[in-house]
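Working notes, beginning with the structure itself.
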Amino acid sequence: MSELFYTHFTKLTAEQVAEILKTAPLGGETRLTDSEEIDSLKLTFRREPGALNGVFTISDTDTGEETKIDIWFNGENAPPREIQRKITLGASHKTTDRLIGKAILWESGLWKYQTIYASTVCSSFNRLPDLQTVTAPSDFIAIDDHRYIYSRVEAEFSGAIVVEVFDLITMELAGIRFGIGESDEGELSVYGASGTYLGQLANYSPIKEKPQEAAPAFGAFGDFRMVYRPFEMTHPMTEAEVRANIAGDTAMFWDGSFRGPGNVNSEHMLPTTDLLYRWSLAHGGGKFKLKFDNAPTWEYELTGANTMRFRTDESDAWHEERYEAFESDAKLVLFAHTITGAVPAVSMATAIDLENGLATCAFGHMGNPDVPREPLREFLFGAIEAYGITPSTERHAFTKELVGKSFTWSYTREMTSQHIYSSPESYSWTIFLDDGKPGLMWSSPCQYVKIRDGVYMMSWIESRSAGNLNTFLFNTKTMHDVGVAFGINHNQVFEFNTFGAEARSAGALDLSGIWGK
């Protein structure tokens with residue numbers, strides 16, 4: 001798996017930002033003006049040499065109307081390198097929800113971007129062929145029914161701003177990008193691009209909403225712009241702090257199960273099953289092995305519907321542990337357990353297919369040298385060894401079948417999100433607002449494994465966020481999942497919780513031309 005989300009931009013001071021802008025190739029003795037046009041629309045950026053502020057202007061030469069985006073560095077409550085913005089709309093220009101769910105491949109002579117206009121306040125993009133999906137706070141403004149203004153600030157990443165004007169009929173785009181680049185140099189580029197329409201996901205905005213009433217949430221056109229900064233909701237930890245946190249946690253189990261009052265994801269749980277226990281009794285007195293390729297073999301002896309002991313071929317010591325099992329599909333079980341007292345802490349979320357004898361484990365553990373509070377994960381592919389079972393040479397495999405699809409997930413009556421599977425190794429999620437519109441959004445590295453027709457294992461790590469590792473089995477026939485959350489959450493509490501949610505299809509995009517099938 002690629003190392004996603006570890007592009008670290010220098011935490012520049014306000015003084016360093018000011019110095020960069022003095023020497024950046026963005027000024028001179030005269031006012032800097034760069035512009036591009038789409039039909040009667042003209043996009044212009046102006047900034048005085050060395051200034052910490054500037055203004056984008058989108059003017060319509062037919063009507064004389066202008067929308068202005070004022071920008072500045074060194075804003076309050078934000079990293080100094082991150083551009084802040086305030087928008088003043090032209091008389092007939094309106095904020096809009098009409099772009100929600102659209103996806104377009106934009107291509108210039110030098111680059112390609114897959115852009116998904118996913119919510120009222122955010123969009124996601126992949127600079128191809130980069131697998132990493134990045135989420136950015138965004139603005140969507142309608143000039144008319146087919147021409148739009150779009151802006152995004154790459155908050156938590158470069159901090160640069162992109163302002164674009166495009167036409168959905170001609171699929172032409174003009175844009176300007178401004179900010180401080182990866183090498184801490186000033187960056188200004190003016191470009192044109194052509195687009196390929198990739199499709200439309202579901203838009204859950206109210207159907208009867210009047211266009212002039214459509215506006216992003218959180219007072220988006222005020223001086224303060226809402227930005228989702230999930231990593232600031234957590235406490236960066238050293239490896240020693242992580243181990244002390246885990247060792248001091250006594251709340252892993254509530255009422256004898258993995259679920260409890262600290263976990264909001266329990267309302268739509270599948271019931272636990274004793275299927276695996278009964279099967280193991282019939283195939284060797286409760287004993288079986290999971291033989292993984294290039295990994296230790298795990299030997300289990302189930303002593304009850306939720307109790308067991310196990311060992312690996314690297315150790316002769318038996319270890320007693322609680323487990324939970326859920327039947328996701330006929331004779332297909334998610335088998336979940338941890339190892340109490342393990343250092344570093346461990347998570348086992350295993351899909352065990354009793355029909356064909358295959359097993360795939362999303363093996364997670366702490367001990368990440370780059371970000372200690374974020375788990376690491378690897379997929380272990382293998383088969384079941386038990387009495388009366390012929391060892392299989394087949395294996396489950398990574399898949400692209402979910403890429404481009406989108407689903408809503410209802411964990412509780414109060415908590416619903418939308419997943420957008422935007423690349424083979426990353427995805428985005430957005431939380432719905434009370435009126436049904438998608439709101440704040442984030443992206444994470446992930447992987448998808450096909451378990452059988454219609455059933456998939458999906459696993460993601462909330463990088464640059466709380467850091468939790470989440471793995472679920474998703475049955476697209478029942479539209480239900482069951483999974484395991486592992487790690488230190490936003491409340492700084494270590495958890496190993498099982499969860500479940502009900503799904504609805506939110507449409508699909510045709511991304512096969514980008515990522516293959």
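Residue numbering restarts at 1 for every chain of the structure tokens, chains are lettered A, B, ... in their displayed order, and ligands are numbered from 1 as they appear.
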**Message:** I want to know what sits within 12 Å of A:Trp298, based on only C-alpha atoms, with residues of the same chain fewer than 2 positions away left out; could you give that as a ChimeraX atom specification?
**Reply:** /A:287-293,295-296,300-301,309-319,348,350,359,361,380,382-385
**Asked** What lies within 10 Å of A:Trp111 using only C-alpha atoms, ignoring chain neighbours under 3 positions off, as a list in words?
**Response**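 My reading of the contact set: Trp106, Glu107, Ser108, Arg127, Leu128, Pro129 and Ala193 of chain A.
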Output of the above residues as a PDB file, in the first residue's frame, restricted to all heavy atoms:
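Once written, again-v2.pdb looks like this:
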```pdb
ATOM      1  N   TRP A 106     -10.556  16.833 -15.105  1.00  0.00           N
ATOM      2  CA  TRP A 106     -10.042  18.033 -15.773  1.00  0.00           C
ATOM      3  C   TRP A 106      -8.618  17.775 -16.232  1.00  0.00           C
ATOM      4  O   TRP A 106      -7.784  17.306 -15.456  1.00  0.00           O
ATOM      5  CB  TRP A 106     -10.072  19.237 -14.838  1.00  0.00           C
ATOM      6  CG  TRP A 106     -11.446  19.687 -14.440  1.00  0.00           C
ATOM      7  CD1 TRP A 106     -12.018  19.594 -13.205  1.00  0.00           C
ATOM      8  CD2 TRP A 106     -12.413  20.309 -15.290  1.00  0.00           C
ATOM      9  NE1 TRP A 106     -13.290  20.115 -13.217  1.00  0.00           N
ATOM     10  CE2 TRP A 106     -13.567  20.562 -14.487  1.00  0.00           C
ATOM     11  CE3 TRP A 106     -12.434  20.675 -16.640  1.00  0.00           C
ATOM     12  CZ2 TRP A 106     -14.709  21.169 -14.994  1.00  0.00           C
ATOM     13  CZ3 TRP A 106     -13.583  21.275 -17.144  1.00  0.00           C
ATOM     14  CH2 TRP A 106     -14.696  21.524 -16.334  1.00  0.00           C
ATOM     15  N   GLU A 107      -8.328  18.097 -17.501  1.00  0.00           N
ATOM     16  CA  GLU A 107      -7.011  17.843 -18.081  1.00  0.00           C
ATOM     17  C   GLU A 107      -6.476  19.104 -18.754  1.00  0.00           C
ATOM     18  O   GLU A 107      -7.149  19.713 -19.591  1.00  0.00           O
ATOM     19  CB  GLU A 107      -7.085  16.735 -19.128  1.00  0.00           C
ATOM     20  CG  GLU A 107      -7.564  15.393 -18.596  1.00  0.00           C
ATOM     21  CD  GLU A 107      -7.590  14.327 -19.674  1.00  0.00           C
ATOM     22  OE1 GLU A 107      -6.490  13.897 -20.098  1.00  0.00           O
ATOM     23  OE2 GLU A 107      -8.689  13.933 -20.087  1.00  0.00           O
ATOM     24  N   SER A 108      -5.264  19.505 -18.353  1.00  0.00           N
ATOM     25  CA  SER A 108      -4.536  20.527 -19.086  1.00  0.00           C
ATOM     26  C   SER A 108      -3.411  19.830 -19.834  1.00  0.00           C
ATOM     27  O   SER A 108      -3.335  18.608 -19.847  1.00  0.00           O
ATOM     28  CB  SER A 108      -3.977  21.580 -18.118  1.00  0.00           C
ATOM     29  OG  SER A 108      -2.829  21.079 -17.468  1.00  0.00           O
ATOM     30  N   ARG A 127      -4.747  14.421  -7.739  1.00  0.00           N
ATOM     31  CA  ARG A 127      -3.880  14.851  -8.831  1.00  0.00           C
ATOM     32  C   ARG A 127      -3.258  13.595  -9.407  1.00  0.00           C
ATOM     33  O   ARG A 127      -2.364  12.990  -8.819  1.00  0.00           O
ATOM     34  CB  ARG A 127      -2.803  15.813  -8.342  1.00  0.00           C
ATOM     35  CG  ARG A 127      -1.939  16.307  -9.505  1.00  0.00           C
ATOM     36  CD  ARG A 127      -1.144  17.538  -9.175  1.00  0.00           C
ATOM     37  NE  ARG A 127      -0.429  18.001 -10.355  1.00  0.00           N
ATOM     38  CZ  ARG A 127       0.179  19.178 -10.439  1.00  0.00           C
ATOM     39  NH1 ARG A 127       0.146  20.009  -9.420  1.00  0.00           N
ATOM     40  NH2 ARG A 127       0.805  19.528 -11.539  1.00  0.00           N
ATOM     41  N   LEU A 128      -3.757  13.171 -10.533  1.00  0.00           N
ATOM     42  CA  LEU A 128      -3.427  11.872 -11.093  1.00  0.00           C
ATOM     43  C   LEU A 128      -1.969  11.817 -11.550  1.00  0.00           C
ATOM     44  O   LEU A 128      -1.425  12.819 -12.028  1.00  0.00           O
ATOM     45  CB  LEU A 128      -4.365  11.570 -12.254  1.00  0.00           C
ATOM     46  CG  LEU A 128      -5.852  11.607 -11.867  1.00  0.00           C
ATOM     47  CD1 LEU A 128      -6.724  11.438 -13.091  1.00  0.00           C
ATOM     48  CD2 LEU A 128      -6.159  10.565 -10.828  1.00  0.00           C
ATOM     49  N   PRO A 129      -1.322  10.662 -11.372  1.00  0.00           N
ATOM     50  CA  PRO A 129      -1.886   9.370 -10.948  1.00  0.00           C
ATOM     51  C   PRO A 129      -1.849   9.137  -9.443  1.00  0.00           C
ATOM     52  O   PRO A 129      -1.880   7.986  -9.011  1.00  0.00           O
ATOM     53  CB  PRO A 129      -0.976   8.374 -11.664  1.00  0.00           C
ATOM     54  CG  PRO A 129       0.361   9.045 -11.652  1.00  0.00           C
ATOM     55  CD  PRO A 129       0.081  10.520 -11.839  1.00  0.00           C
ATOM     56  N   ALA A 193      -8.206  24.159 -19.034  1.00  0.00           N
ATOM     57  CA  ALA A 193      -8.362  22.706 -19.020  1.00  0.00           C
ATOM     58  C   ALA A 193      -9.659  22.336 -19.717  1.00  0.00           C
ATOM     59  O   ALA A 193     -10.597  23.142 -19.832  1.00  0.00           O
ATOM     60  CB  ALA A 193      -8.354  22.169 -17.593  1.00  0.00           C
TER      61      ALA A 193
END
```
**Request:** Do a neighbour search on stretch 403-413 of chain A at 10 Å with only C-alpha atoms, toss out local chain neighbours closer than 4 positions, and write the hits as a VMD selection string.
**Result:** chain A and resid 101 103 198 to 199 201 to 202 264 to 269 399 417 to 432 448 479 to 481 499 to 512 515 to 517
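Residues surrounding A:Ser205 within 10 Å are Asp97, Arg98, Ile100, Ser119, Thr120, Ala214, Leu433, Asp435, Gly436, Lys437 and Pro438 of chain A [only C-alpha atoms; sequence separation below 5 positions excluded].
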Can you tell me, as an mmCIF file with N, CA and C atoms, in the first residue's frame, what residues are no more than 9 Å from A:Ala466 when counting only C-alpha atoms, ignoring any on the same chain fewer than 2 positions away?
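Once everything was written out, this is result_14.cif:
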```cif
data_model
loop_
_atom_site.group_PDB
_atom_site.id
_atom_site.type_symbol
_atom_site.label_atom_id
_atom_site.label_comp_id
_atom_site.auth_asym_id
_atom_site.auth_seq_id
_atom_site.Cartn_x
_atom_site.Cartn_y
_atom_site.Cartn_z
ATOM 1 N N PRO A 230 -9.327 17.776 11.838
ATOM 2 C CA PRO A 230 -9.488 16.666 12.772
ATOM 3 C C PRO A 230 -8.249 16.377 13.605
ATOM 4 N N PHE A 231 -7.059 16.649 13.046
ATOM 5 C CA PHE A 231 -5.865 16.331 13.818
ATOM 6 C C PHE A 231 -5.729 17.262 15.030
ATOM 7 N N MET A 233 -8.139 18.011 16.859
ATOM 8 C CA MET A 233 -9.055 17.501 17.871
ATOM 9 C C MET A 233 -8.396 16.404 18.708
ATOM 10 N N THR A 234 -7.193 16.042 18.333
ATOM 11 C CA THR A 234 -6.489 14.965 19.021
ATOM 12 C C THR A 234 -5.199 15.501 19.620
ATOM 13 N N HIS A 235 -4.596 14.682 20.438
ATOM 14 C CA HIS A 235 -3.338 15.056 21.086
ATOM 15 C C HIS A 235 -2.214 14.249 20.472
ATOM 16 N N ARG A 373 0.291 7.497 17.359
ATOM 17 C CA ARG A 373 -1.094 7.221 17.732
ATOM 18 C C ARG A 373 -1.877 6.570 16.595
ATOM 19 N N GLU A 374 -1.330 6.540 15.379
ATOM 20 C CA GLU A 374 -2.020 5.910 14.255
ATOM 21 C C GLU A 374 -1.577 4.454 14.109
ATOM 22 N N ILE A 461 -7.606 3.798 7.614
ATOM 23 C CA ILE A 461 -6.961 4.401 8.772
ATOM 24 C C ILE A 461 -7.216 5.896 8.718
ATOM 25 N N GLU A 462 -7.740 6.455 9.778
ATOM 26 C CA GLU A 462 -8.091 7.874 9.801
ATOM 27 C C GLU A 462 -6.825 8.712 9.985
ATOM 28 N N SER A 463 -5.987 8.701 8.949
ATOM 29 C CA SER A 463 -4.722 9.427 8.989
ATOM 30 C C SER A 463 -4.976 10.926 9.052
ATOM 31 N N ARG A 464 -4.060 11.624 9.745
ATOM 32 C CA ARG A 464 -4.203 13.055 9.967
ATOM 33 C C ARG A 464 -5.547 13.372 10.596
ATOM 34 N N ASN A 468 -7.786 6.222 14.099
ATOM 35 C CA ASN A 468 -8.366 4.894 14.264
ATOM 36 C C ASN A 468 -8.243 4.050 13.002
ATOM 37 N N GLY A 487 -8.010 1.657 18.045
ATOM 38 C CA GLY A 487 -7.068 2.762 18.171
ATOM 39 C C GLY A 487 -7.452 3.707 19.284
ATOM 40 N N ILE A 488 -6.833 4.878 19.268
ATOM 41 C CA ILE A 488 -7.092 5.909 20.274
ATOM 42 C C ILE A 488 -7.988 6.954 19.621
ATOM 43 N N ASN A 489 -9.183 7.142 20.188
ATOM 44 C CA ASN A 489 -10.164 7.999 19.534
ATOM 45 C C ASN A 489 -9.951 9.472 19.870
ATOM 46 N N HIS A 490 -10.878 10.327 19.372
ATOM 47 C CA HIS A 490 -10.773 11.774 19.588
ATOM 48 C C HIS A 490 -10.811 12.138 21.070
ATOM 49 N N ASN A 491 -11.401 11.283 21.870
ATOM 50 C CA ASN A 491 -11.460 11.532 23.319
ATOM 51 C C ASN A 491 -10.222 10.995 24.038
ATOM 52 N N GLN A 492 -9.222 10.597 23.264
ATOM 53 C CA GLN A 492 -7.956 10.076 23.785
ATOM 54 C C GLN A 492 -8.156 8.774 24.561
#
```
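Interatomic distance, atom CA of A:Tyr150 to atom CA of A:Thr95: 10.1 Å.
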**A:Glu187 environment, 12 Å, only C-alpha atoms, sequence neighbours closer than 4 positions dropped, as a ChimeraX atom specification** = /A:20-21,23-27,158-162,176-183
Output N, CA and C atoms of each residue in that selection to a file, as a JSON list (two decimals), in the first residue's frame.
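Below is the file selection.json, written as the result:
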```json
[["chain", "number", "residue", "atom", "x", "y", "z"],
["A", 20, "ILE", "N", 8.98, 34.89, 2.21],
["A", 20, "ILE", "CA", 8.79, 34.14, 0.96],
["A", 20, "ILE", "C", 8.06, 34.99, -0.06],
["A", 21, "LEU", "N", 7.03, 35.71, 0.39],
["A", 21, "LEU", "CA", 6.23, 36.51, -0.53],
["A", 21, "LEU", "C", 6.99, 37.73, -1.05],
["A", 23, "THR", "N", 10.18, 37.61, -2.01],
["A", 23, "THR", "CA", 11.09, 37.15, -3.06],
["A", 23, "THR", "C", 10.42, 36.24, -4.07],
["A", 24, "ALA", "N", 9.16, 35.90, -3.84],
["A", 24, "ALA", "CA", 8.47, 34.97, -4.74],
["A", 24, "ALA", "C", 8.27, 35.62, -6.11],
["A", 25, "PRO", "N", 8.24, 34.80, -7.18],
["A", 25, "PRO", "CA", 8.04, 35.35, -8.53],
["A", 25, "PRO", "C", 6.59, 35.74, -8.75],
["A", 26, "LEU", "N", 6.09, 36.61, -7.91],
["A", 26, "LEU", "CA", 4.68, 36.96, -7.96],
["A", 26, "LEU", "C", 4.48, 38.47, -8.04],
["A", 27, "GLY", "N", 5.57, 39.23, -8.14],
["A", 27, "GLY", "CA", 5.40, 40.67, -8.10],
["A", 27, "GLY", "C", 6.33, 41.38, -9.06],
["A", 158, "SER", "N", -1.12, 22.09, 1.54],
["A", 158, "SER", "CA", -0.27, 23.20, 1.10],
["A", 158, "SER", "C", -0.78, 24.55, 1.62],
["A", 159, "GLY", "N", -2.09, 24.68, 1.77],
["A", 159, "GLY", "CA", -2.67, 25.97, 2.13],
["A", 159, "GLY", "C", -2.95, 26.86, 0.94],
["A", 160, "ALA", "N", -2.61, 26.41, -0.28],
["A", 160, "ALA", "CA", -2.81, 27.21, -1.49],
["A", 160, "ALA", "C", -4.29, 27.32, -1.83],
["A", 161, "ILE", "N", -4.62, 28.34, -2.61],
["A", 161, "ILE", "CA", -6.00, 28.51, -3.08],
["A", 161, "ILE", "C", -6.05, 28.25, -4.58],
["A", 162, "VAL", "N", -7.14, 27.63, -5.01],
["A", 162, "VAL", "CA", -7.44, 27.41, -6.41],
["A", 162, "VAL", "C", -8.77, 28.08, -6.70],
["A", 176, "ILE", "N", -6.77, 29.66, -11.76],
["A", 176, "ILE", "CA", -5.55, 30.25, -11.22],
["A", 176, "ILE", "C", -5.28, 29.61, -9.86],
["A", 177, "ARG", "N", -4.04, 29.22, -9.66],
["A", 177, "ARG", "CA", -3.62, 28.65, -8.38],
["A", 177, "ARG", "C", -2.56, 29.56, -7.77],
["A", 178, "PHE", "N", -2.70, 29.85, -6.47],
["A", 178, "PHE", "CA", -1.78, 30.76, -5.81],
["A", 178, "PHE", "C", -1.51, 30.25, -4.40],
["A", 179, "GLY", "N", -0.24, 30.34, -3.98],
["A", 179, "GLY", "CA", 0.09, 29.94, -2.62],
["A", 179, "GLY", "C", 1.57, 29.68, -2.47],
["A", 180, "ILE", "N", 1.90, 28.86, -1.47],
["A", 180, "ILE", "CA", 3.27, 28.48, -1.20],
["A", 180, "ILE", "C", 3.38, 26.98, -1.44],
["A", 181, "GLY", "N", 4.32, 26.59, -2.30],
["A", 181, "GLY", "CA", 4.41, 25.21, -2.74],
["A", 181, "GLY", "C", 5.13, 24.30, -1.78],
["A", 182, "GLU", "N", 5.31, 23.03, -2.21],
["A", 182, "GLU", "CA", 5.91, 22.01, -1.36],
["A", 182, "GLU", "C", 7.33, 22.35, -0.94],
["A", 183, "SER", "N", 8.05, 23.06, -1.78],
["A", 183, "SER", "CA", 9.43, 23.42, -1.46],
["A", 183, "SER", "C", 9.52, 24.80, -0.81]]
```
**Asked** Hey, what's within 7 Å of stretch 136-147 of chain A if we count only C-alpha atoms and toss same-chain stuff fewer than 5 positions away? As a list in words, please?
**Response**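 Close residues of stretch 136-147 of chain A: His93, Lys94, Thr95, Thr96, Val121, Cys122, Ser123, Ser124, Arg152, Val153, Glu154, Ala155, Phe166, Asp167, Leu168, Ile169 and Val227 of chain A.
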**Asked** Which is closest to A:Lys22 among A:Gly285, A:Pro49, A:Pro445, A:Gly109, if we use only C-alpha atoms?
**Response**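 Counting only C-alpha atoms, the residue closest to A:Lys22 is A:Pro49.
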**atom CA of A:Leu276 to atom CA of A:Phe496, straight-line distance in Å** =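 Result for atom CA of A:Phe496 versus atom CA of A:Leu276: 20.5 Å, one decimal.
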Using only C-alpha atoms, find each residue of stretch 341-408 of chain A with at least one atom at most 9 Å away from an atom of stretch 325-332 of chain A; report its shortest atom-to-atom pair and that distance in Å (one decimal), sort the rows by chain and rising residue number, and return the result as CSV.
```
residue,atom,partner,partner_atom,distance
A:Ala351,CA,A:Leu332,CA,7.0
A:Ile352,CA,A:Leu332,CA,5.8
A:Asp353,CA,A:Leu332,CA,4.6
A:Leu354,CA,A:Lys331,CA,5.3
A:Glu355,CA,A:Lys331,CA,6.2
```
**Every residue of stretch 52-114 of chain A that DSSP places in strand (DSSP E), as a count of residues only** = 31
